[in-house]
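The structure file work31.txt is reproduced below (compact mmCIF, C-alpha atoms).
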```
# COMPACT_ATOMS: atom_id res chain seq x y z
CA MET A 1 4.17 -2.02 5.40
CA LYS A 2 1.42 -4.27 4.10
CA LYS A 3 0.36 -7.07 6.43
CA TYR A 4 -0.57 -10.48 5.11
CA ARG A 5 -2.91 -12.86 6.88
CA LEU A 6 -2.30 -16.57 6.35
CA LYS A 7 -5.46 -18.58 5.93
CA ARG A 8 -6.02 -21.61 8.18
CA PRO A 9 -5.18 -24.28 5.52
CA VAL A 10 -1.75 -22.69 4.95
CA LEU A 11 -1.10 -22.51 8.69
CA VAL A 12 -2.11 -26.16 9.09
CA ALA A 13 0.26 -27.25 6.31
CA LEU A 14 3.15 -25.17 7.71
CA THR A 15 2.55 -26.49 11.23
CA ALA A 16 2.48 -30.05 9.95
CA ALA A 17 5.73 -29.54 8.00
CA VAL A 18 7.56 -28.00 10.94
CA THR A 19 6.27 -30.62 13.38
CA ALA A 20 7.38 -33.37 10.99
CA GLY A 21 10.92 -31.95 10.98
CA VAL A 22 10.98 -30.71 7.39
CA THR A 23 14.04 -28.54 6.69
CA LEU A 24 13.11 -25.30 4.97
CA ASN A 25 16.23 -24.06 3.06
CA LEU A 26 18.46 -23.67 6.12
CA PRO A 27 21.97 -22.22 5.74
CA ALA A 28 24.70 -24.86 5.33
CA ALA A 29 25.98 -24.64 8.93
CA GLU A 30 22.52 -25.25 10.34
CA ALA A 31 21.67 -27.89 7.78
CA GLU A 32 24.57 -30.04 9.03
CA THR A 33 23.07 -30.20 12.52
CA PRO A 34 21.50 -33.59 13.08
CA VAL A 35 17.79 -33.46 12.44
CA PRO A 36 15.56 -35.49 14.78
CA ALA A 37 13.87 -38.47 13.19
CA PRO A 38 10.70 -37.46 11.35
CA GLN A 39 7.50 -38.04 13.25
CA THR A 40 4.21 -39.08 11.77
CA VAL A 41 1.80 -36.19 11.91
CA THR A 42 -1.89 -36.40 11.22
CA VAL A 43 -3.03 -33.04 9.92
CA ILE A 44 -6.56 -33.56 11.21
CA ASP A 45 -5.11 -33.60 14.74
CA LEU A 46 -3.71 -30.09 14.23
CA TYR A 47 -6.81 -28.57 12.69
CA GLN A 48 -9.55 -27.19 14.87
CA GLN A 49 -12.72 -25.83 13.36
CA ASP A 50 -13.01 -22.05 13.57
CA THR A 51 -15.47 -21.06 16.22
CA PRO A 52 -16.85 -17.55 16.53
CA PRO A 53 -15.78 -15.57 19.56
CA ALA A 54 -18.12 -15.32 22.52
CA TYR A 55 -20.16 -12.20 21.92
CA THR A 56 -19.97 -10.27 25.17
CA ALA A 57 -19.30 -6.70 26.24
CA GLU A 58 -15.73 -7.82 27.04
CA MET A 59 -15.11 -9.29 23.56
CA VAL A 60 -12.00 -7.86 21.91
CA VAL A 61 -13.11 -6.24 18.66
CA SER A 62 -10.20 -7.47 16.51
CA TRP A 63 -10.84 -9.11 13.13
CA HIS A 64 -12.13 -12.66 12.80
CA GLU A 65 -13.75 -14.53 9.93
CA TRP A 66 -17.48 -13.92 9.44
CA GLN A 67 -19.93 -13.85 6.55
CA PRO A 68 -23.45 -12.49 6.98
CA THR A 69 -26.39 -14.81 6.38
CA GLY A 70 -30.14 -14.38 6.50
CA LYS A 71 -31.45 -10.84 6.87
CA ALA A 72 -27.94 -9.44 7.42
CA ALA A 73 -26.75 -10.70 4.03
CA GLY A 74 -29.16 -8.31 2.35
CA VAL A 75 -28.34 -5.33 4.57
CA VAL A 76 -24.62 -5.42 5.45
CA PRO A 77 -22.63 -3.71 2.67
CA VAL A 78 -19.88 -5.78 1.03
CA ALA A 79 -17.51 -2.84 1.59
CA LEU A 80 -18.06 -3.23 5.36
CA LEU A 81 -16.69 -6.78 5.24
CA GLU A 82 -13.68 -5.74 3.15
CA LEU A 83 -12.90 -2.76 5.38
CA ALA A 84 -13.26 -4.89 8.53
CA GLU A 85 -10.38 -7.06 7.37
CA GLU A 86 -8.34 -4.08 6.15
CA TYR A 87 -8.68 -2.30 9.50
CA ASN A 88 -8.47 -5.52 11.57
CA ILE A 89 -11.85 -4.94 13.23
CA SER A 90 -14.47 -7.62 13.93
CA PRO A 91 -16.94 -7.61 11.02
CA VAL A 92 -19.75 -8.73 13.35
CA TYR A 93 -19.06 -5.85 15.72
CA ALA A 94 -18.89 -3.36 12.83
CA ALA A 95 -22.08 -4.80 11.30
CA ALA A 96 -23.87 -4.53 14.67
CA VAL A 97 -22.82 -0.88 14.97
CA PHE A 98 -24.00 -0.27 11.39
CA VAL A 99 -27.34 -2.01 11.99
CA LEU A 100 -28.00 -0.18 15.27
CA GLU A 101 -26.94 3.25 14.02
CA THR A 102 -28.73 3.03 10.64
CA GLY A 103 -31.86 1.08 11.64
CA TRP A 104 -30.89 -1.86 9.40
CA GLY A 105 -29.73 0.53 6.67
CA SER A 106 -32.88 2.67 6.59
CA SER A 107 -31.89 5.89 8.40
CA SER A 108 -31.86 9.19 6.55
CA ALA A 109 -28.28 9.80 7.74
CA TRP A 110 -27.23 6.62 5.89
CA LEU A 111 -29.46 6.98 2.84
CA ASN A 112 -28.85 10.71 2.27
CA LYS A 113 -25.41 11.32 3.78
CA HIS A 114 -23.72 7.90 3.65
CA ASN A 115 -23.15 8.20 7.40
CA PRO A 116 -23.12 4.65 8.83
CA ALA A 117 -22.64 5.34 12.50
CA GLY A 118 -24.03 8.65 13.65
CA ILE A 119 -20.65 10.34 13.10
CA ARG A 120 -20.92 14.02 13.98
CA CYS A 121 -19.27 17.05 12.36
CA GLY A 122 -19.88 19.69 14.99
CA ASP A 123 -23.58 19.89 15.73
CA ARG A 124 -24.75 17.90 12.67
CA TYR A 125 -24.17 14.52 11.08
CA CYS A 126 -21.20 14.28 8.72
CA ARG A 127 -21.89 13.84 5.01
CA TYR A 128 -19.71 11.51 2.91
CA SER A 129 -19.43 11.36 -0.89
CA THR A 130 -19.98 7.60 -1.05
CA ALA A 131 -21.14 4.80 1.22
CA THR A 132 -17.61 3.37 1.18
CA ASP A 133 -16.20 6.73 2.32
CA GLY A 134 -18.63 6.77 5.24
CA LEU A 135 -17.81 3.19 6.18
CA ARG A 136 -14.08 3.90 5.91
CA ARG A 137 -14.47 6.79 8.37
CA MET A 138 -16.34 4.50 10.77
CA PHE A 139 -13.47 1.98 10.63
CA GLU A 140 -10.86 4.72 11.07
CA ILE A 141 -12.58 5.73 14.30
CA MET A 142 -12.85 2.11 15.50
CA GLN A 143 -9.18 1.47 14.68
CA ASP A 144 -8.13 4.69 16.41
CA TYR A 145 -9.99 3.63 19.56
CA TYR A 146 -8.41 0.15 19.34
CA SER A 147 -4.90 1.57 18.87
CA ASN A 148 -5.42 3.73 21.95
CA GLY A 149 -6.31 0.81 24.20
CA LEU A 150 -10.08 0.68 23.78
CA THR A 151 -10.15 -2.92 22.59
CA THR A 152 -13.48 -4.28 23.84
CA VAL A 153 -17.06 -3.68 22.75
CA ASP A 154 -17.86 -2.03 26.09
CA GLN A 155 -14.83 0.29 25.98
CA GLN A 156 -15.51 1.42 22.42
CA ARG A 157 -19.24 1.96 22.92
CA ALA A 158 -18.69 3.89 26.16
CA LEU A 159 -16.72 6.50 24.21
CA TRP A 160 -18.59 6.29 20.89
CA SER A 161 -22.21 6.43 21.92
CA GLU A 162 -24.16 8.91 23.99
CA ALA A 163 -26.55 6.10 24.95
CA GLU A 164 -25.85 3.00 27.04
CA ASP A 165 -26.12 0.66 24.06
CA THR A 166 -23.43 -1.96 24.69
CA ASP A 167 -26.05 -4.61 25.50
CA SER A 168 -27.92 -3.77 22.29
CA ILE A 169 -24.70 -4.15 20.26
CA VAL A 170 -23.97 -7.52 21.90
CA GLN A 171 -27.53 -8.73 21.21
CA LEU A 172 -27.23 -7.62 17.59
CA MET A 173 -23.89 -9.42 17.24
CA GLU A 174 -25.51 -12.64 18.47
CA GLN A 175 -28.47 -12.09 16.17
CA LEU A 176 -26.18 -11.43 13.17
CA GLU A 177 -24.12 -14.53 13.93
CA GLU A 178 -27.30 -16.64 13.92
CA GLY A 179 -28.35 -15.12 10.58
CA LYS A 180 -31.48 -13.46 11.94
```
Output the structure of this file as structure tokens.
Amino acid sequence: MKKYRLKRPVLVALTAAVTAGVTLNLPAAEAETPVPAPQTVTVIDLYQQDTPPAYTAEMVVSWHEWQPTGKAAGVVPVALLELAEEYNISPVYAAAVFVLETGWGSSSAWLNKHNPAGIRCGDRYCRYSTATDGLRRMFEIMQDYYSNGLTTVDQQRALWSEAEDTDSIVQLMEQLEEGK
């Protein structure tokens, strides 16, 4: 089943309509029920500016809106952003993992094997046909961890990485958010 994500403007309009008492094609029996008097609703009161999550080791790694700026805009692959939404994983978290594991996209594992995250196949790094294939595998692993209860940065990194690098990932997430 394909999931659809409603964008904030649609949610604001729907919330305003429901709050104002608009009837949305109700069956006849329900439509006859007295409807409370419409209330004036100011849409601006319902809308709150999106704010990025607090980047901590305890941050849940589920998807949220983010676009890279600054140095990250030239390094983070477009496919990473698309896959982040498809797999419902934080794009900042995924970008931080990519940046740390590939040395800002310069590692030989990334350049020669399209391996974005130090993914191992036995005793060597896995090789992928395309960069998108490598990124897709990274997201499959992240989503598998998430589905099995490892929902925070710290929980995922504890299983993923041989090094204690959670603090480095959090620092990179903050740096990426600031466009540095």
*Would you work out the distance separating CA of Ala84 in chain A from CA of Phe139 in chain A, expressed in Å to one decimal?*
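Atom-to-atom, CA of Ala84 in chain A to CA of Phe139 in chain A, that is 7.2 Å.
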*Non-local contacts of Glu164 in chain A (12 Å; all atoms listed in the file; under 5 positions in same chain excluded) as a ChimeraX atom specification*: /A:57,153-159,169-170
Go ahead and write the residues just picked, C-alpha atoms, as a PDB file, in the coordinates of the input.
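Result file is out_17.pdb:
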```
ATOM      1  CA  ALA A  57     -19.300  -6.700  26.240  1.00  0.00           C
ATOM      2  CA  VAL A 153     -17.060  -3.680  22.750  1.00  0.00           C
ATOM      3  CA  ASP A 154     -17.860  -2.030  26.090  1.00  0.00           C
ATOM      4  CA  GLN A 155     -14.830   0.290  25.980  1.00  0.00           C
ATOM      5  CA  GLN A 156     -15.510   1.420  22.420  1.00  0.00           C
ATOM      6  CA  ARG A 157     -19.240   1.960  22.920  1.00  0.00           C
ATOM      7  CA  ALA A 158     -18.690   3.890  26.160  1.00  0.00           C
ATOM      8  CA  LEU A 159     -16.720   6.500  24.210  1.00  0.00           C
ATOM      9  CA  ILE A 169     -24.700  -4.150  20.260  1.00  0.00           C
ATOM     10  CA  VAL A 170     -23.970  -7.520  21.900  1.00  0.00           C
TER      11      VAL A 170
END
```
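You will find CA of Met173 in chain A at 29.5 Å from CA of Gly122 in chain A.
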Here CA of Gln143 in chain A and CA of Ile89 in chain A stand apart by 7.1 Å
- Message: Around (-17.3, -3.7, 4.1), as given in the file, which residues come within 9 Å? Count only C-alpha atoms and list them as a PyMOL selection string.
- Response: chain A and resi 76-85+91+94-95+132+135-136
